[in-house]
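Have a look at protein_17.cif; it's mmCIF, C-alpha atoms:
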data_my_file
loop_
_atom_site.label_atom_id
_atom_site.label_comp_id
_atom_site.auth_asym_id
_atom_site.auth_seq_id
_atom_site.Cartn_x
_atom_site.Cartn_y
_atom_site.Cartn_z
CA MET A 1 99.59 104.07 83.77
CA ASN A 2 100.93 100.68 82.70
CA LEU A 3 102.34 97.92 84.94
CA GLU A 4 105.97 99.07 84.64
CA GLN A 5 105.08 102.67 85.51
CA ALA A 6 102.94 101.50 88.42
CA LYS A 7 105.77 99.33 89.77
CA LEU A 8 108.22 102.21 89.52
CA LYS A 9 105.85 104.52 91.38
CA TYR A 10 105.25 101.88 94.04
CA ILE A 11 109.02 101.41 94.59
CA GLN A 12 109.57 105.18 94.82
CA THR A 13 106.65 105.65 97.23
CA TRP A 14 107.96 102.95 99.53
CA GLY A 15 111.43 104.52 99.41
CA SER A 16 110.21 107.92 100.49
CA LEU A 17 107.94 106.54 103.21
CA ALA A 18 110.93 104.64 104.58
CA THR A 19 113.16 107.71 104.79
CA SER A 20 110.58 109.50 106.90
CA TRP A 21 110.78 106.50 109.27
CA GLY A 22 114.57 106.60 109.44
CA ILE A 23 115.14 103.66 107.09
CA ASN A 24 117.70 103.89 104.31
CA LYS A 25 115.89 104.69 101.03
CA THR A 26 117.78 102.13 98.95
CA MET A 27 117.11 99.41 101.53
CA ALA A 28 113.38 100.16 101.26
CA GLN A 29 113.52 100.12 97.46
CA VAL A 30 115.35 96.76 97.35
CA HIS A 31 112.74 95.40 99.72
CA ALA A 32 109.84 96.84 97.69
CA LEU A 33 111.26 95.23 94.54
CA LEU A 34 111.67 91.78 96.17
CA LEU A 35 108.17 92.03 97.66
CA ILE A 36 106.42 92.28 94.28
CA SER A 37 108.77 89.97 92.39
CA THR A 38 107.12 86.77 91.18
CA ARG A 39 110.48 84.89 91.33
CA PRO A 40 113.69 84.96 93.44
CA LEU A 41 116.05 87.74 92.32
CA SER A 42 119.86 87.66 92.05
CA THR A 43 122.21 90.52 92.95
CA GLU A 44 122.47 91.29 89.20
CA ASP A 45 118.68 91.42 88.80
CA ILE A 46 118.44 93.99 91.62
CA MET A 47 121.36 96.03 90.19
CA ASP A 48 119.59 96.14 86.78
CA GLU A 49 116.15 97.04 88.11
CA LEU A 50 117.21 99.79 90.53
CA LYS A 51 120.35 101.02 88.65
CA ILE A 52 122.53 100.71 91.73
CA SER A 53 126.01 99.24 92.27
CA ARG A 54 126.84 95.70 93.40
CA GLY A 55 128.26 97.00 96.70
CA ASN A 56 125.07 98.93 97.39
CA VAL A 57 122.89 95.86 96.65
CA ASN A 58 125.08 93.61 98.85
CA MET A 59 125.01 96.03 101.78
CA ASN A 60 121.25 96.52 101.66
CA VAL A 61 120.38 92.87 101.10
CA ARG A 62 122.54 92.00 104.12
CA ALA A 63 120.68 94.58 106.23
CA LEU A 64 117.30 93.17 105.10
CA ILE A 65 118.45 89.65 106.05
CA ASP A 66 119.50 91.00 109.49
CA TRP A 67 116.01 92.48 109.91
CA GLY A 68 114.59 89.02 109.19
CA ILE A 69 112.45 90.12 106.22
CA VAL A 70 114.52 88.75 103.29
CA GLN A 71 116.01 85.28 102.86
CA LYS A 72 118.63 83.70 100.65
CA GLU A 73 117.43 81.05 98.28
CA TYR A 74 119.53 78.53 96.37
CA ILE A 75 118.35 77.31 93.01
CA VAL A 76 119.53 73.88 91.80
CA GLY A 77 122.04 74.18 88.98
CA GLU A 78 122.63 77.93 89.62
CA ARG A 79 125.90 79.14 91.13
CA LYS A 80 124.43 82.54 91.97
CA GLU A 81 122.63 83.36 95.19
CA PHE A 82 119.00 84.47 94.98
CA PHE A 83 116.88 86.45 97.39
CA VAL A 84 113.20 86.36 98.33
CA ALA A 85 111.12 88.60 100.59
CA GLU A 86 108.62 87.50 103.23
CA LYS A 87 105.37 87.86 101.25
CA ASP A 88 102.91 87.93 104.13
CA VAL A 89 102.59 91.69 104.74
CA TRP A 90 101.22 91.28 108.26
CA GLU A 91 104.18 89.01 109.20
CA LEU A 92 106.40 91.69 107.71
CA PHE A 93 104.84 94.43 109.85
CA LYS A 94 105.20 92.27 112.96
CA GLN A 95 108.84 91.45 112.24
CA ILE A 96 109.75 95.12 111.64
CA THR A 97 107.90 96.20 114.78
CA LYS A 98 109.69 93.57 116.89
CA GLU A 99 113.09 94.66 115.58
CA ARG A 100 112.43 98.36 116.15
CA LYS A 101 111.20 97.69 119.67
CA LYS A 102 114.42 95.80 120.39
CA ARG A 103 116.75 98.25 118.63
CA GLU A 104 115.17 101.57 119.65
CA ILE A 105 112.51 101.50 122.36
CA GLU A 106 114.22 99.14 124.80
CA PRO A 107 117.55 101.07 124.92
CA VAL A 108 115.61 104.32 125.54
CA LEU A 109 113.70 102.76 128.45
CA LYS A 110 117.03 101.63 129.91
CA THR A 111 118.54 105.12 129.60
CA LEU A 112 115.46 106.78 131.15
CA ASP A 113 115.79 104.37 134.05
CA GLU A 114 119.47 105.16 134.55
CA LEU A 115 118.83 108.91 134.45
CA GLN A 116 116.26 108.57 137.26
CA GLN A 117 119.10 107.44 139.55
CA ILE A 118 120.73 110.88 139.90
CA GLU A 119 121.17 111.90 143.50
CA ASP A 120 120.04 115.49 143.66
CA ASN A 121 117.05 116.70 145.58
CA SER A 122 116.74 120.26 144.24
CA GLU A 123 113.38 121.48 142.92
CA GLU A 124 114.82 121.51 139.39
CA SER A 125 115.91 117.90 139.76
CA LYS A 126 112.47 116.86 141.02
CA GLU A 127 110.86 118.44 137.95
CA PHE A 128 113.38 116.70 135.69
CA LYS A 129 112.70 113.32 137.31
CA MET A 130 108.97 113.86 136.96
CA ILE A 131 109.29 114.42 133.20
CA LEU A 132 111.59 111.36 132.94
CA ASN A 133 108.98 109.36 134.78
CA ASP A 134 106.22 110.55 132.41
CA LEU A 135 108.40 109.72 129.41
CA SER A 136 109.00 106.21 130.80
CA THR A 137 105.30 105.71 131.45
CA VAL A 138 104.28 106.79 127.95
CA THR A 139 107.14 104.88 126.26
CA ASN A 140 106.12 101.75 128.18
CA ARG A 141 102.54 102.33 127.13
CA VAL A 142 103.55 102.63 123.45
CA ASN A 143 105.65 99.49 123.86
CA GLY A 144 102.56 97.73 125.21
CA ILE A 145 100.40 98.91 122.30
CA LEU A 146 103.00 97.50 119.88
CA ASP A 147 103.14 94.20 121.81
CA ASN A 148 99.37 93.90 121.59
CA ALA A 149 99.46 94.72 117.88
CA ILE A 150 102.05 91.97 117.33
CA LYS A 151 100.01 89.46 119.30
CA ALA A 152 96.71 90.59 117.79
CA ASP A 153 94.27 87.95 116.70
CA GLU A 154 95.69 86.84 113.41
CA HIS A 155 92.30 85.90 112.06
CA TRP A 156 91.59 89.53 111.22
CA LEU A 157 93.63 89.21 108.02
CA LEU A 158 91.71 86.11 107.02
CA SER A 159 88.39 87.73 107.90
CA ASN A 160 89.40 90.75 105.87
CA PHE A 161 90.09 88.60 102.84
CA THR A 162 86.75 86.90 103.32
CA LYS A 163 85.04 90.31 103.30
CA ILE A 164 86.84 91.21 100.07
CA LEU A 165 85.75 87.95 98.46
CA LYS A 166 82.14 88.67 99.43
CA LYS A 167 82.15 92.09 97.76
CA MET G 1 126.11 111.68 137.47
CA ASN G 2 124.89 115.15 138.47
CA LEU G 3 121.80 116.96 137.21
CA GLU G 4 123.61 118.81 134.41
CA GLN G 5 125.20 115.60 133.11
CA ALA G 6 121.89 113.77 133.31
CA LYS G 7 120.13 116.54 131.36
CA LEU G 8 122.79 116.46 128.68
CA LYS G 9 122.53 112.68 128.35
CA TYR G 10 118.73 112.93 128.19
CA ILE G 11 118.89 115.55 125.40
CA GLN G 12 121.39 113.44 123.42
CA THR G 13 119.34 110.26 123.85
CA TRP G 14 116.20 111.97 122.58
CA GLY G 15 118.14 113.37 119.63
CA SER G 16 119.40 109.97 118.53
CA LEU G 17 116.03 108.29 119.01
CA ALA G 18 114.48 110.97 116.83
CA THR G 19 116.90 110.46 113.96
CA SER G 20 116.01 106.78 113.81
CA TRP G 21 112.37 107.91 113.39
CA GLY G 22 113.21 110.34 110.61
CA ILE G 23 113.01 113.48 112.76
CA ASN G 24 115.73 116.10 112.53
CA LYS G 25 118.17 115.63 115.44
CA THR G 26 118.34 119.34 116.34
CA MET G 27 114.54 119.62 116.32
CA ALA G 28 114.37 116.74 118.81
CA GLN G 29 117.05 118.31 121.01
CA VAL G 30 115.30 121.71 121.08
CA HIS G 31 112.10 119.91 122.02
CA ALA G 32 113.83 117.82 124.72
CA LEU G 33 115.30 121.00 126.22
CA LEU G 34 111.93 122.81 126.29
CA LEU G 35 110.23 119.76 127.76
CA ILE G 36 112.39 119.72 130.91
CA SER G 37 112.71 123.47 131.29
CA THR G 38 111.02 124.86 134.41
CA ARG G 39 110.43 128.24 132.67
CA PRO G 40 109.72 129.54 129.12
CA LEU G 41 112.93 129.81 127.06
CA SER G 42 113.94 132.53 124.59
CA THR G 43 115.79 131.97 121.31
CA GLU G 44 118.99 133.09 123.07
CA ASP G 45 118.49 130.60 125.92
CA ILE G 46 118.18 127.75 123.41
CA MET G 47 121.23 128.98 121.44
CA ASP G 48 123.29 129.01 124.67
CA GLU G 49 122.18 125.62 125.94
CA LEU G 50 122.57 123.68 122.69
CA LYS G 51 125.43 125.72 121.15
CA ILE G 52 123.57 126.21 117.88
CA SER G 53 123.00 129.27 115.68
CA ARG G 54 120.02 131.63 115.80
CA GLY G 55 118.91 130.49 112.32
CA ASN G 56 118.97 126.87 113.40
CA VAL G 57 116.93 127.63 116.54
CA ASN G 58 114.37 129.66 114.57
CA MET G 59 113.94 126.97 111.93
CA ASN G 60 113.47 124.16 114.45
CA VAL G 61 111.21 126.12 116.80
CA ARG G 62 109.00 126.95 113.82
CA ALA G 63 108.82 123.26 112.86
CA LEU G 64 107.89 122.31 116.45
CA ILE G 65 105.12 124.94 116.43
CA ASP G 66 103.84 123.48 113.13
CA TRP G 67 103.75 120.03 114.74
CA GLY G 68 101.60 121.54 117.50
CA ILE G 69 103.93 120.55 120.37
CA VAL G 70 105.55 123.93 121.19
CA GLN G 71 103.87 127.31 121.74
CA LYS G 72 104.96 130.91 121.84
CA GLU G 73 104.56 132.68 125.13
CA TYR G 74 104.69 136.41 125.76
CA ILE G 75 105.97 137.68 129.07
CA VAL G 76 104.78 141.10 130.30
CA GLY G 77 107.54 143.67 130.10
CA GLU G 78 109.75 141.48 127.88
CA ARG G 79 110.26 142.33 124.20
CA LYS G 80 111.63 138.89 123.41
CA GLU G 81 109.49 135.90 122.43
CA PHE G 82 109.57 132.84 124.68
CA PHE G 83 108.69 129.23 123.97
CA VAL G 84 107.13 126.47 126.02
CA ALA G 85 106.55 122.78 125.26
CA GLU G 86 103.39 120.78 125.85
CA LYS G 87 104.28 119.11 129.17
CA ASP G 88 101.73 116.31 129.14
CA VAL G 89 103.74 113.49 127.58
CA TRP G 90 100.66 111.48 126.57
CA GLU G 91 99.18 114.53 124.82
CA LEU G 92 102.54 114.90 123.11
CA PHE G 93 102.50 111.30 121.88
CA LYS G 94 98.95 111.72 120.59
CA GLN G 95 99.77 114.95 118.78
CA ILE G 96 102.86 113.47 117.09
CA THR G 97 100.93 110.34 116.10
CA LYS G 98 98.09 112.41 114.60
CA GLU G 99 100.53 114.51 112.57
CA ARG G 100 102.48 111.49 111.28
CA LYS G 101 99.26 109.75 110.27
CA LYS G 102 98.24 112.84 108.31
CA ARG G 103 101.65 113.53 106.79
CA GLU G 104 102.79 109.98 106.00
CA ILE G 105 100.25 107.19 106.28
CA GLU G 106 97.32 108.88 104.52
CA PRO G 107 99.32 109.86 101.38
CA VAL G 108 100.60 106.25 101.12
CA LEU G 109 97.07 104.85 101.32
CA LYS G 110 96.05 107.22 98.54
CA THR G 111 98.96 106.15 96.31
CA LEU G 112 98.27 102.44 96.93
CA ASP G 113 94.69 103.06 95.88
CA GLU G 114 95.72 104.86 92.69
CA LEU G 115 98.15 102.10 91.76
CA GLN G 116 95.38 99.49 92.01
CA GLN G 117 93.66 101.21 89.07
CA ILE G 118 96.11 100.01 86.39
CA GLU G 119 94.37 98.29 83.53
CA ASP G 120 96.42 95.21 82.88
CA ASN G 121 95.17 91.67 83.36
CA SER G 122 98.44 89.72 83.00
CA GLU G 123 99.42 87.20 85.70
CA GLU G 124 102.24 89.52 86.80
CA SER G 125 99.82 92.37 87.17
CA LYS G 126 97.43 90.25 89.24
CA GLU G 127 100.28 89.34 91.63
CA PHE G 128 101.28 93.01 91.88
CA LYS G 129 97.70 94.06 92.66
CA MET G 130 97.47 91.34 95.31
CA ILE G 131 100.54 92.67 97.10
CA LEU G 132 99.20 96.25 96.83
CA ASN G 133 95.97 95.05 98.34
CA ASP G 134 97.79 93.36 101.23
CA LEU G 135 99.84 96.51 101.80
CA SER G 136 96.64 98.59 101.91
CA THR G 137 94.99 96.18 104.31
CA VAL G 138 97.95 96.16 106.71
CA THR G 139 98.52 99.92 106.45
CA ASN G 140 94.82 100.49 107.21
CA ARG G 141 95.11 98.11 110.13
CA VAL G 142 98.15 100.02 111.51
CA ASN G 143 96.23 103.27 111.00
CA GLY G 144 93.39 101.76 113.04
CA ILE G 145 95.73 100.70 115.84
CA LEU G 146 97.09 104.26 116.00
CA ASP G 147 93.54 105.70 116.02
CA ASN G 148 92.64 103.45 118.91
CA ALA G 149 95.81 104.42 120.76
CA ILE G 150 94.95 108.11 120.31
CA LYS G 151 91.41 107.59 121.53
CA ALA G 152 92.49 105.22 124.34
CA ASP G 153 90.90 105.71 127.72
CA GLU G 154 92.81 108.61 129.12
CA HIS G 155 92.32 107.48 132.68
CA TRP G 156 95.18 105.02 132.34
CA LEU G 157 97.71 107.82 132.90
CA LEU G 158 95.89 108.94 136.03
CA SER G 159 95.59 105.37 137.28
CA ASN G 160 99.28 104.90 136.63
CA PHE G 161 100.12 107.92 138.74
CA THR G 162 97.86 106.63 141.49
CA LYS G 163 99.78 103.34 141.44
CA ILE G 164 103.07 105.22 141.72
CA LEU G 165 101.76 107.25 144.67
CA LYS G 166 100.74 104.05 146.42
CA LYS G 167 104.24 102.54 146.13
#

Written as structure tokens, how would this file's structure read?
Amino acid sequence: MNLEQAKLKYIQTWGSLATSWGINKTMAQVHALLLISTRPLSTEDIMDELKISRGNVNMNVRALIDWGIVQKEYIVGERKEFFVAEKDVWELFKQITKERKKREIEPVLKTLDELQQIEDNSEESKEFKMILNDLSTVTNRVNGILDNAIKADEHWLLSNFTKILKK
Amino acid sequence: MNLEQAKLKYIQTWGSLATSWGINKTMAQVHALLLISTRPLSTEDIMDELKISRGNVNMNVRALIDWGIVQKEYIVGERKEFFVAEKDVWELFKQITKERKKREIEPVLKTLDELQQIEDNSEESKEFKMILNDLSTVTNRVNGILDNAIKADEHWLLSNFTKILKK
């Protein structure tokens, strides 16, 4: 396997992982490409590499900027816009986790809370409220695990690199 | 909001959460229905409640059984099969996490490892391998966080319930 083949396989792998996590495949591929690029890429560069349309690149780059994991970059003397990805993979994980918490977990916690307010004291309703309560408890717990992961001692990455260097 | 409306909203909420995590919406709705049911449900019960076809119920119930979160149940004197969901929500979270680790994270770690083997010592290749290495490190770290969550002291759920009882 040469470098080009390896890059292609890497971009495809990231794309299929993303779809199983509910992220648009093209968005993941654009991100994967920017992540390994050694220089800022223009819309045309991304179109060429991934064989996708300008509209598709624009839409997905915009989404990546909204997620806070890609930034615009201006190059002196160039009229075109360029894009770069956050290269620190741990920062990237933290940023994605924060966004998903905000976009997905928090609205669910709110809905579970609202549903608990039904006024009905039948046995069936008590059972329903008990399950809602368990779901809230576990969702809050997962939320807490993610918060701890985000806040985790950031030295671990450094210490990991040190271990690699010592090998 | 009455009980029926609340149940409907709960089933819809779970369905849309699931799609943003790459899980089939109908599969999530069948699961949500079984989770709050006070008795085992037959294929016909599920068809009636969710207004979906027999084939669709069969396919999704089978997938839920494969995930280890729904079981068949036989009732004496009944020819039909019935289904019940794992009711312990923390067990449910652990089971789903275990399956996703096995199905998604482990294959990615394997691919990242394979891609590191390319024989190419250009600058570009070194940069690529560095990013692959960072991705492996962070993915392993996430895997570790999930392992810890699965193994987490299970008394927390009990202690949580105790707190609720004391309110």

For a quick check of understanding, using only C-alpha atoms, which of G:Val30, G:Ile69, G:Ile11, G:Val84 has the smallest distance to chain A?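 Of all the options, G:Ile11 lies closest to chain A.
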
Produce the least-squares-superposed copy of chain G, fitted on chain A over all in-order C-alpha pairs, as an mmCIF file with C-alpha atoms, in the coordinates of the input.
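File selection_28.cif, as written:
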data_model
loop_
_atom_site.group_PDB
_atom_site.id
_atom_site.type_symbol
_atom_site.label_atom_id
_atom_site.label_comp_id
_atom_site.auth_asym_id
_atom_site.auth_seq_id
_atom_site.Cartn_x
_atom_site.Cartn_y
_atom_site.Cartn_z
ATOM 1 C CA MET G 1 99.583 104.102 83.800
ATOM 2 C CA ASN G 2 100.926 100.700 82.726
ATOM 3 C CA LEU G 3 102.312 97.959 84.957
ATOM 4 C CA GLU G 4 105.945 99.076 84.648
ATOM 5 C CA GLN G 5 105.073 102.677 85.540
ATOM 6 C CA ALA G 6 102.937 101.536 88.452
ATOM 7 C CA LYS G 7 105.762 99.345 89.792
ATOM 8 C CA LEU G 8 108.211 102.210 89.554
ATOM 9 C CA LYS G 9 105.845 104.557 91.387
ATOM 10 C CA TYR G 10 105.245 101.906 94.059
ATOM 11 C CA ILE G 11 109.005 101.423 94.608
ATOM 12 C CA GLN G 12 109.561 105.198 94.845
ATOM 13 C CA THR G 13 106.649 105.671 97.252
ATOM 14 C CA TRP G 14 107.963 102.964 99.563
ATOM 15 C CA GLY G 15 111.429 104.511 99.424
ATOM 16 C CA SER G 16 110.213 107.934 100.503
ATOM 17 C CA LEU G 17 107.966 106.549 103.231
ATOM 18 C CA ALA G 18 110.941 104.645 104.595
ATOM 19 C CA THR G 19 113.180 107.694 104.805
ATOM 20 C CA SER G 20 110.608 109.485 106.935
ATOM 21 C CA TRP G 21 110.819 106.484 109.312
ATOM 22 C CA GLY G 22 114.602 106.574 109.450
ATOM 23 C CA ILE G 23 115.151 103.626 107.098
ATOM 24 C CA ASN G 24 117.702 103.882 104.316
ATOM 25 C CA LYS G 25 115.903 104.705 101.040
ATOM 26 C CA THR G 26 117.800 102.123 98.957
ATOM 27 C CA MET G 27 117.122 99.400 101.534
ATOM 28 C CA ALA G 28 113.396 100.156 101.271
ATOM 29 C CA GLN G 29 113.522 100.119 97.467
ATOM 30 C CA VAL G 30 115.350 96.762 97.349
ATOM 31 C CA HIS G 31 112.739 95.392 99.730
ATOM 32 C CA ALA G 32 109.836 96.844 97.701
ATOM 33 C CA LEU G 33 111.255 95.242 94.548
ATOM 34 C CA LEU G 34 111.641 91.804 96.181
ATOM 35 C CA LEU G 35 108.164 92.031 97.670
ATOM 36 C CA ILE G 36 106.420 92.301 94.282
ATOM 37 C CA SER G 37 108.745 89.994 92.389
ATOM 38 C CA THR G 38 107.090 86.782 91.178
ATOM 39 C CA ARG G 39 110.448 84.910 91.334
ATOM 40 C CA PRO G 40 113.655 84.970 93.457
ATOM 41 C CA LEU G 41 116.030 87.745 92.327
ATOM 42 C CA SER G 42 119.829 87.647 92.049
ATOM 43 C CA THR G 43 122.191 90.502 92.924
ATOM 44 C CA GLU G 44 122.445 91.269 89.191
ATOM 45 C CA ASP G 45 118.651 91.418 88.795
ATOM 46 C CA ILE G 46 118.433 93.978 91.609
ATOM 47 C CA MET G 47 121.352 96.003 90.169
ATOM 48 C CA ASP G 48 119.576 96.131 86.777
ATOM 49 C CA GLU G 49 116.148 97.046 88.101
ATOM 50 C CA LEU G 50 117.224 99.783 90.516
ATOM 51 C CA LYS G 51 120.340 101.002 88.642
ATOM 52 C CA ILE G 52 122.540 100.695 91.717
ATOM 53 C CA SER G 53 126.011 99.216 92.258
ATOM 54 C CA ARG G 54 126.821 95.672 93.375
ATOM 55 C CA GLY G 55 128.248 96.982 96.675
ATOM 56 C CA ASN G 56 125.071 98.902 97.378
ATOM 57 C CA VAL G 57 122.899 95.846 96.643
ATOM 58 C CA ASN G 58 125.055 93.594 98.841
ATOM 59 C CA MET G 59 125.008 96.022 101.756
ATOM 60 C CA ASN G 60 121.239 96.521 101.660
ATOM 61 C CA VAL G 61 120.377 92.859 101.091
ATOM 62 C CA ARG G 62 122.520 91.990 104.108
ATOM 63 C CA ALA G 63 120.676 94.575 106.227
ATOM 64 C CA LEU G 64 117.296 93.176 105.099
ATOM 65 C CA ILE G 65 118.434 89.656 106.049
ATOM 66 C CA ASP G 66 119.480 90.985 109.484
ATOM 67 C CA TRP G 67 116.010 92.494 109.910
ATOM 68 C CA GLY G 68 114.583 89.035 109.191
ATOM 69 C CA ILE G 69 112.437 90.128 106.217
ATOM 70 C CA VAL G 70 114.505 88.761 103.288
ATOM 71 C CA GLN G 71 115.998 85.279 102.842
ATOM 72 C CA LYS G 72 118.597 83.692 100.632
ATOM 73 C CA GLU G 73 117.377 81.041 98.265
ATOM 74 C CA TYR G 74 119.468 78.524 96.364
ATOM 75 C CA ILE G 75 118.287 77.311 92.996
ATOM 76 C CA VAL G 76 119.442 73.873 91.783
ATOM 77 C CA GLY G 77 121.948 74.176 88.974
ATOM 78 C CA GLU G 78 122.552 77.899 89.588
ATOM 79 C CA ARG G 79 125.831 79.114 91.104
ATOM 80 C CA LYS G 80 124.395 82.517 91.935
ATOM 81 C CA GLU G 81 122.582 83.349 95.175
ATOM 82 C CA PHE G 82 118.962 84.479 94.949
ATOM 83 C CA PHE G 83 116.834 86.447 97.380
ATOM 84 C CA VAL G 84 113.176 86.362 98.312
ATOM 85 C CA ALA G 85 111.099 88.602 100.593
ATOM 86 C CA GLU G 86 108.609 87.519 103.231
ATOM 87 C CA LYS G 87 105.357 87.904 101.261
ATOM 88 C CA ASP G 88 102.907 87.975 104.149
ATOM 89 C CA VAL G 89 102.578 91.711 104.752
ATOM 90 C CA TRP G 90 101.226 91.302 108.295
ATOM 91 C CA GLU G 91 104.163 89.045 109.210
ATOM 92 C CA LEU G 92 106.393 91.724 107.727
ATOM 93 C CA PHE G 93 104.833 94.450 109.874
ATOM 94 C CA LYS G 94 105.200 92.292 112.981
ATOM 95 C CA GLN G 95 108.833 91.490 112.246
ATOM 96 C CA ILE G 96 109.745 95.152 111.652
ATOM 97 C CA THR G 97 107.893 96.218 114.804
ATOM 98 C CA LYS G 98 109.681 93.572 116.903
ATOM 99 C CA GLU G 99 113.085 94.659 115.594
ATOM 100 C CA ARG G 100 112.417 98.378 116.154
ATOM 101 C CA LYS G 101 111.214 97.703 119.692
ATOM 102 C CA LYS G 102 114.432 95.811 120.394
ATOM 103 C CA ARG G 103 116.755 98.248 118.639
ATOM 104 C CA GLU G 104 115.192 101.566 119.674
ATOM 105 C CA ILE G 105 112.533 101.520 122.365
ATOM 106 C CA GLU G 106 114.228 99.154 124.829
ATOM 107 C CA PRO G 107 117.560 101.080 124.924
ATOM 108 C CA VAL G 108 115.616 104.328 125.566
ATOM 109 C CA LEU G 109 113.717 102.766 128.468
ATOM 110 C CA LYS G 110 117.029 101.644 129.937
ATOM 111 C CA THR G 111 118.554 105.132 129.635
ATOM 112 C CA LEU G 112 115.467 106.782 131.175
ATOM 113 C CA ASP G 113 115.793 104.385 134.083
ATOM 114 C CA GLU G 114 119.486 105.159 134.574
ATOM 115 C CA LEU G 115 118.851 108.898 134.482
ATOM 116 C CA GLN G 116 116.280 108.594 137.284
ATOM 117 C CA GLN G 117 119.106 107.475 139.590
ATOM 118 C CA ILE G 118 120.755 110.909 139.931
ATOM 119 C CA GLU G 119 121.210 111.925 143.526
ATOM 120 C CA ASP G 120 120.075 115.504 143.657
ATOM 121 C CA ASN G 121 117.070 116.723 145.609
ATOM 122 C CA SER G 122 116.772 120.294 144.274
ATOM 123 C CA GLU G 123 113.406 121.515 142.939
ATOM 124 C CA GLU G 124 114.843 121.518 139.406
ATOM 125 C CA SER G 125 115.936 117.944 139.792
ATOM 126 C CA LYS G 126 112.501 116.888 141.049
ATOM 127 C CA GLU G 127 110.868 118.464 137.965
ATOM 128 C CA PHE G 128 113.388 116.715 135.702
ATOM 129 C CA LYS G 129 112.715 113.345 137.350
ATOM 130 C CA MET G 130 108.970 113.898 136.972
ATOM 131 C CA ILE G 131 109.314 114.433 133.232
ATOM 132 C CA LEU G 132 111.597 111.367 132.960
ATOM 133 C CA ASN G 133 108.980 109.378 134.790
ATOM 134 C CA ASP G 134 106.233 110.565 132.431
ATOM 135 C CA LEU G 135 108.421 109.728 129.437
ATOM 136 C CA SER G 136 108.999 106.217 130.823
ATOM 137 C CA THR G 137 105.309 105.716 131.474
ATOM 138 C CA VAL G 138 104.292 106.798 127.965
ATOM 139 C CA THR G 139 107.132 104.898 126.275
ATOM 140 C CA ASN G 140 106.122 101.759 128.203
ATOM 141 C CA ARG G 141 102.536 102.343 127.168
ATOM 142 C CA VAL G 142 103.551 102.647 123.470
ATOM 143 C CA ASN G 143 105.647 99.493 123.877
ATOM 144 C CA GLY G 144 102.540 97.760 125.235
ATOM 145 C CA ILE G 145 100.399 98.931 122.322
ATOM 146 C CA LEU G 146 102.992 97.528 119.901
ATOM 147 C CA ASP G 147 103.122 94.222 121.833
ATOM 148 C CA ASN G 148 99.368 93.935 121.602
ATOM 149 C CA ALA G 149 99.452 94.742 117.894
ATOM 150 C CA ILE G 150 102.047 91.998 117.349
ATOM 151 C CA LYS G 151 100.019 89.481 119.309
ATOM 152 C CA ALA G 152 96.700 90.632 117.780
ATOM 153 C CA ASP G 153 94.281 87.958 116.689
ATOM 154 C CA GLU G 154 95.685 86.867 113.394
ATOM 155 C CA HIS G 155 92.307 85.890 112.044
ATOM 156 C CA TRP G 156 91.557 89.501 111.181
ATOM 157 C CA LEU G 157 93.629 89.213 107.991
ATOM 158 C CA LEU G 158 91.756 86.080 106.968
ATOM 159 C CA SER G 159 88.410 87.662 107.804
ATOM 160 C CA ASN G 160 89.406 90.689 105.778
ATOM 161 C CA PHE G 161 90.143 88.531 102.765
ATOM 162 C CA THR G 162 86.818 86.776 103.205
ATOM 163 C CA LYS G 163 85.089 90.170 103.149
ATOM 164 C CA ILE G 164 86.916 91.082 99.945
ATOM 165 C CA LEU G 165 85.899 87.785 98.323
ATOM 166 C CA LYS G 166 82.282 88.457 99.223
ATOM 167 C CA LYS G 167 82.283 91.877 97.515
#

With all atoms listed in the file considered, list every residue of chain A at most 7 Å from chain G, as a list in words.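 That gives the following set of residues: Met1, Asn2, Leu3, Ala6, Leu17, Thr19, Ser20, Trp21, Gly22, Ile36, Val89, Trp90, Glu104, Leu115, Ile118, Asp120, Ser125, Phe128, Ile131, Asp134, Leu135 and Val138 of chain A.
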
Would you save the residues of that selection, restricted to C-alpha atoms, as a JSON list (two decimals), in the coordinates of the input?
[["chain", "number", "residue", "atom", "x", "y", "z"],
["A", 1, "MET", "CA", 99.59, 104.07, 83.77],
["A", 2, "ASN", "CA", 100.93, 100.68, 82.70],
["A", 3, "LEU", "CA", 102.34, 97.92, 84.94],
["A", 6, "ALA", "CA", 102.94, 101.50, 88.42],
["A", 17, "LEU", "CA", 107.94, 106.54, 103.21],
["A", 19, "THR", "CA", 113.16, 107.71, 104.79],
["A", 20, "SER", "CA", 110.58, 109.50, 106.90],
["A", 21, "TRP", "CA", 110.78, 106.50, 109.27],
["A", 22, "GLY", "CA", 114.57, 106.60, 109.44],
["A", 36, "ILE", "CA", 106.42, 92.28, 94.28],
["A", 89, "VAL", "CA", 102.59, 91.69, 104.74],
["A", 90, "TRP", "CA", 101.22, 91.28, 108.26],
["A", 104, "GLU", "CA", 115.17, 101.57, 119.65],
["A", 115, "LEU", "CA", 118.83, 108.91, 134.45],
["A", 118, "ILE", "CA", 120.73, 110.88, 139.90],
["A", 120, "ASP", "CA", 120.04, 115.49, 143.66],
["A", 125, "SER", "CA", 115.91, 117.90, 139.76],
["A", 128, "PHE", "CA", 113.38, 116.70, 135.69],
["A", 131, "ILE", "CA", 109.29, 114.42, 133.20],
["A", 134, "ASP", "CA", 106.22, 110.55, 132.41],
["A", 135, "LEU", "CA", 108.40, 109.72, 129.41],
["A", 138, "VAL", "CA", 104.28, 106.79, 127.95]]

Separation of atom CA of G:Ile150 and atom CA of G:Lys94, in Å?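 So the two atoms, atom CA of G:Ile150 and atom CA of G:Lys94, lie 5.4 Å apart.
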
Between atom CA of A:Ala152 and atom CA of A:Glu99, distance in Å (one decimal): 17.0 Å

The PyMOL selection byres ((chain A and resi 46-50) around 12) on the file shown: which residues, as a ChimeraX atom specification? /A:4,7-8,11-12,15,25-34,37,40-45,51-58,60-61,81-84
